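Visitor: A single structure is presented below for examination.
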Amino acid sequence: MTGRHFLTVVALVQGVLLAALIVLIILNRWFRLRRRAQVHPRVIQLNDAMQRWALGTADVASVLLRLARLPVPLAVDALVTWSARVPGDRWRKLATALRHHWWARLVRANSDSARWWQRLETARFLAVAATPEDTPRVLKLLRDPHPAVHIAAVATLERVDSAALTTVALERLPRLAATVSAYYAGMLRRSRPVVVQLLLKMLRRTDDPALPRLVEFAARLNEPARIPRCAYRRRGPSGAFRTPTRSRRSPGSLRIPPGQCAPRRCARSA
């Protein structure tokens with residue numbers, strides 16, 4: 001075989017592979033469109049059942065029936081979409097009823113999956129449909145090494161009032177990036193009474209490197225009657241505490257005259 005023949009064979013093989021790739025892309029697109037056409041009527045039926053149930057003209061069984069007819073990812077997406085539109089008491093009733101359905105049990109079981117996207121699906125589901133019995137599972141998701149998983153799981157604080165969940169989220173707060181930390185702080189504010197008690201304990205650890213971030217979060221809570229006034233002061237380069245410039249200038253923040261509180265007194269009052 002000459003070099004020209006070899007190049008011809010290589011070109012033919014590449015052409016066949018390229019044609020096979022194009023056919024595969026077309027078939028994939030066709031299957032997705034066909035599946036969407038089959039599923040779309042079920043999505044419309046679910047939206048109608050959700051709307052009627054939210055208005056009190058249908059029972060929760062009709063919603064559960066239509067959720068079970070959807071693929072699991074679409075069912076989770078629908079729950080996330082409708083969670084902000086349905087009143088809290090009715091939504092808690094739906095979350096309780098979902099515990100007994102087979103597909104919801106499968107989603108919960110994926111919290112132990114080795115694939116992060118399956119754990120993410122569990123976190124998104126529990127963020128809107130968690131019950132107090134899911135606390136151990138959510139604790140594991142909050143400690144997940146993948147950012148998308150624990151960021152989705154922290155939204156569970158809106159649904160489940162648990163000191164254990166609040167503690168894990170608050171301990172992770174100082175180690176997060178600024179944007180993610182702000183999101184965590186917004187979720188933690190919803191558990192304000194528990195957060196204040198935990199901050200009182202954490203602010204006693206004056207040698208904790210996470211103390212400045214905790215102090216900033218404490219200032220945002222704006223709880224001067226419950227958090228010691230010294231907690232609103234940051235440690236400066238000389239080891240003394242000073243009031244953050246942002247906290248002094250922000251409306252409604254606590255103003256502390258310079259030199260009013262010393263580090264030792266701050267540690268004792270915390």
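Chain identifiers are assigned as A, B, and so on, following the order in which chains appear in the structure tokens; residues are numbered from 1 within each chain, and ligands are numbered from 1 in order of appearance.
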Report as a count of residues only: the residues of region 9-257 of chain A with a DSSP assignment of strand (DSSP E or B), based on the backbone of this structure.
Guide: 4
Visitor: Can you tell me, as a PyMOL selection string, what residues are no more than 10 Å from Asp48 (chain A) when counting only C-alpha atoms, ignoring any on the same chain fewer than 6 positions away?
Guide: chain A and resi 42+54+58+63+66
Visitor: For each of A:Glu133, A:Glu158, A:Asp77, A:Glu121, take the minimum atom-to-atom distance to Gly186 (chain A), counting only C-alpha atoms, then give the residue where this is smallest.
Guide: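 Result for the nearest residue to Gly186 (chain A): A:Glu158.
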Visitor: What lies within 12 Å of Asp144 (chain A) using only C-alpha atoms, ignoring chain neighbours under 6 positions off, as a list in words?
Guide: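 Counting only C-alpha atoms, the residues come to Ser111, Asp112, Ser113, Ala114, Arg115, Trp116, Trp117, Arg119, Leu120, Thr122, Ala123, Arg137, Val138, His150, Ile151, Ala152, Ala153, Val154, Val168, Ala169 and Arg172 of chain A.
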Visitor: Next, write the just-selected residues to a file, as a PDB file, in the first residue's frame, keeping C-alpha atoms as the atom set.
Guide:
ATOM      1  CA  SER A 111     -28.302  11.627  48.567  1.00  0.00           C
ATOM      2  CA  ASP A 112     -25.789   8.766  48.931  1.00  0.00           C
ATOM      3  CA  SER A 113     -24.993   8.674  45.210  1.00  0.00           C
ATOM      4  CA  ALA A 114     -21.417   8.957  43.996  1.00  0.00           C
ATOM      5  CA  ARG A 115     -22.601  11.291  41.208  1.00  0.00           C
ATOM      6  CA  TRP A 116     -22.851  14.906  42.328  1.00  0.00           C
ATOM      7  CA  TRP A 117     -25.697  15.762  39.950  1.00  0.00           C
ATOM      8  CA  ARG A 119     -27.068  14.507  44.996  1.00  0.00           C
ATOM      9  CA  LEU A 120     -27.919  17.949  43.622  1.00  0.00           C
ATOM     10  CA  THR A 122     -31.918  15.385  46.055  1.00  0.00           C
ATOM     11  CA  ALA A 123     -30.862  18.724  47.531  1.00  0.00           C
ATOM     12  CA  ARG A 137     -30.067  13.524  55.146  1.00  0.00           C
ATOM     13  CA  VAL A 138     -29.925  17.309  54.797  1.00  0.00           C
ATOM     14  CA  HIS A 150     -24.572  22.338  49.640  1.00  0.00           C
ATOM     15  CA  ILE A 151     -25.756  25.674  48.171  1.00  0.00           C
ATOM     16  CA  ALA A 152     -28.995  24.006  47.084  1.00  0.00           C
ATOM     17  CA  ALA A 153     -29.326  22.179  50.411  1.00  0.00           C
ATOM     18  CA  VAL A 154     -29.075  25.321  52.558  1.00  0.00           C
ATOM     19  CA  VAL A 168     -23.780  23.373  60.220  1.00  0.00           C
ATOM     20  CA  ALA A 169     -24.715  26.243  57.891  1.00  0.00           C
ATOM     21  CA  ARG A 172     -19.622  26.855  57.023  1.00  0.00           C
TER      22      ARG A 172
END
Visitor: Nearest residue to Val128 (chain A) out of A:Arg108, A:Ala178, A:Val76, A:Leu165, using only C-alpha atoms?
Guide: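 Ranking A:Arg108, A:Ala178, A:Val76, A:Leu165 by distance to Val128 (chain A), first place goes to A:Val76.
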Visitor: Please measure the separation of CA of Thr167 (chain A) and CA of Ala97 (chain A), giving the value in Å to one decimal.
Guide: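 Here the two named atoms are 28.0 Å from each other.
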Visitor: Can you list, as a PyMOL selection string, all residues belonging to region 51-99 of chain A that DSSP tags as helix (DSSP H, G or I)?
Guide: chain A and resi 51-54+60-68+72-82+88-98
Visitor: Write a file of the just-selected residues containing N, CA and C atoms, as a compact mmCIF listing (two decimals), in the first residue's frame.
Guide:
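Writing done, so here's selection.txt:
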# COMPACT_ATOMS: atom_id res chain seq x y z
N GLN A 51 -52.70 24.52 40.27
CA GLN A 51 -53.43 25.78 40.39
C GLN A 51 -54.77 25.56 41.09
N ARG A 52 -55.47 24.50 40.71
CA ARG A 52 -56.76 24.22 41.35
C ARG A 52 -56.58 23.84 42.81
N TRP A 53 -55.49 23.10 43.12
CA TRP A 53 -55.25 22.72 44.51
C TRP A 53 -54.87 23.92 45.36
N ALA A 54 -54.09 24.84 44.78
CA ALA A 54 -53.72 26.05 45.51
C ALA A 54 -54.93 26.91 45.81
N VAL A 60 -55.14 17.00 47.23
CA VAL A 60 -53.72 16.78 47.02
C VAL A 60 -53.46 15.49 46.25
N ALA A 61 -54.40 14.57 46.26
CA ALA A 61 -54.21 13.30 45.54
C ALA A 61 -54.07 13.53 44.05
N SER A 62 -54.82 14.48 43.49
CA SER A 62 -54.71 14.76 42.06
C SER A 62 -53.34 15.31 41.70
N VAL A 63 -52.76 16.11 42.60
CA VAL A 63 -51.42 16.64 42.36
C VAL A 63 -50.39 15.52 42.41
N LEU A 64 -50.50 14.64 43.39
CA LEU A 64 -49.55 13.53 43.51
C LEU A 64 -49.63 12.61 42.31
N LEU A 65 -50.84 12.38 41.81
CA LEU A 65 -51.01 11.51 40.66
C LEU A 65 -50.30 12.07 39.43
N ARG A 66 -50.42 13.35 39.20
CA ARG A 66 -49.80 13.96 38.03
C ARG A 66 -48.30 14.14 38.20
N LEU A 67 -47.85 14.31 39.42
CA LEU A 67 -46.41 14.35 39.65
C LEU A 67 -45.77 13.00 39.33
N ALA A 68 -46.44 11.92 39.68
CA ALA A 68 -45.89 10.59 39.45
C ALA A 68 -45.81 10.25 37.96
N VAL A 72 -38.69 12.12 36.76
CA VAL A 72 -38.30 12.66 38.07
C VAL A 72 -37.68 14.06 37.96
N PRO A 73 -36.75 14.34 37.01
CA PRO A 73 -36.21 15.71 36.95
C PRO A 73 -37.27 16.77 36.70
N LEU A 74 -38.25 16.47 35.85
CA LEU A 74 -39.32 17.43 35.58
C LEU A 74 -40.23 17.60 36.79
N ALA A 75 -40.46 16.51 37.52
CA ALA A 75 -41.27 16.61 38.73
C ALA A 75 -40.59 17.50 39.77
N VAL A 76 -39.28 17.34 39.92
CA VAL A 76 -38.55 18.19 40.87
C VAL A 76 -38.59 19.65 40.42
N ASP A 77 -38.40 19.89 39.12
CA ASP A 77 -38.48 21.26 38.61
C ASP A 77 -39.84 21.88 38.88
N ALA A 78 -40.90 21.08 38.69
CA ALA A 78 -42.25 21.60 38.94
C ALA A 78 -42.45 21.95 40.41
N LEU A 79 -41.93 21.12 41.30
CA LEU A 79 -42.05 21.41 42.74
C LEU A 79 -41.30 22.69 43.10
N VAL A 80 -40.11 22.87 42.55
CA VAL A 80 -39.34 24.08 42.83
C VAL A 80 -40.09 25.31 42.31
N THR A 81 -40.71 25.20 41.14
CA THR A 81 -41.42 26.33 40.55
C THR A 81 -42.64 26.71 41.37
N TRP A 82 -43.40 25.71 41.82
CA TRP A 82 -44.65 25.97 42.51
C TRP A 82 -44.49 26.21 44.01
N GLY A 88 -48.04 28.22 52.73
CA GLY A 88 -47.16 27.34 53.50
C GLY A 88 -47.85 26.14 54.10
N ASP A 89 -49.06 26.30 54.66
CA ASP A 89 -49.71 25.17 55.30
C ASP A 89 -50.10 24.11 54.30
N ARG A 90 -50.59 24.53 53.14
CA ARG A 90 -50.94 23.55 52.10
C ARG A 90 -49.70 22.88 51.53
N TRP A 91 -48.59 23.65 51.43
CA TRP A 91 -47.37 23.05 50.89
C TRP A 91 -46.80 22.02 51.86
N ARG A 92 -46.89 22.27 53.16
CA ARG A 92 -46.42 21.28 54.14
C ARG A 92 -47.24 20.00 54.05
N LYS A 93 -48.50 20.12 53.75
CA LYS A 93 -49.34 18.94 53.57
C LYS A 93 -48.87 18.12 52.36
N LEU A 94 -48.50 18.82 51.28
CA LEU A 94 -47.98 18.12 50.10
C LEU A 94 -46.65 17.46 50.40
N ALA A 95 -45.77 18.14 51.12
CA ALA A 95 -44.46 17.56 51.45
C ALA A 95 -44.62 16.31 52.30
N THR A 96 -45.57 16.33 53.23
CA THR A 96 -45.81 15.14 54.05
C THR A 96 -46.34 13.99 53.22
N ALA A 97 -47.23 14.30 52.30
CA ALA A 97 -47.81 13.24 51.45
C ALA A 97 -46.76 12.65 50.51
N LEU A 98 -45.78 13.45 50.10
CA LEU A 98 -44.76 12.96 49.18
C LEU A 98 -43.84 11.92 49.80
Visitor: Within 10 Å of Val195 (chain A), counting only C-alpha atoms, which residues qualify if same-chain residues fewer than 2 places away don't, as number ranges by chain?
Guide: A: 163, 166-167, 169-170, 188-193, 197-200, 218, 221
Visitor: For CA of Pro132 (chain A) and CA of Met187 (chain A), determine how far apart the two atoms are, in Å to one decimal place.
Guide: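 Rounded to one decimal, the two atoms are 17.2 Å apart.
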Visitor: Have a look at CA of Ser181 (chain A) and CA of Leu214 (chain A) and let me know their distance in Å, one decimal.
Guide: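 Taking CA of Ser181 (chain A) and CA of Leu214 (chain A), their separation equals 10.8 Å.
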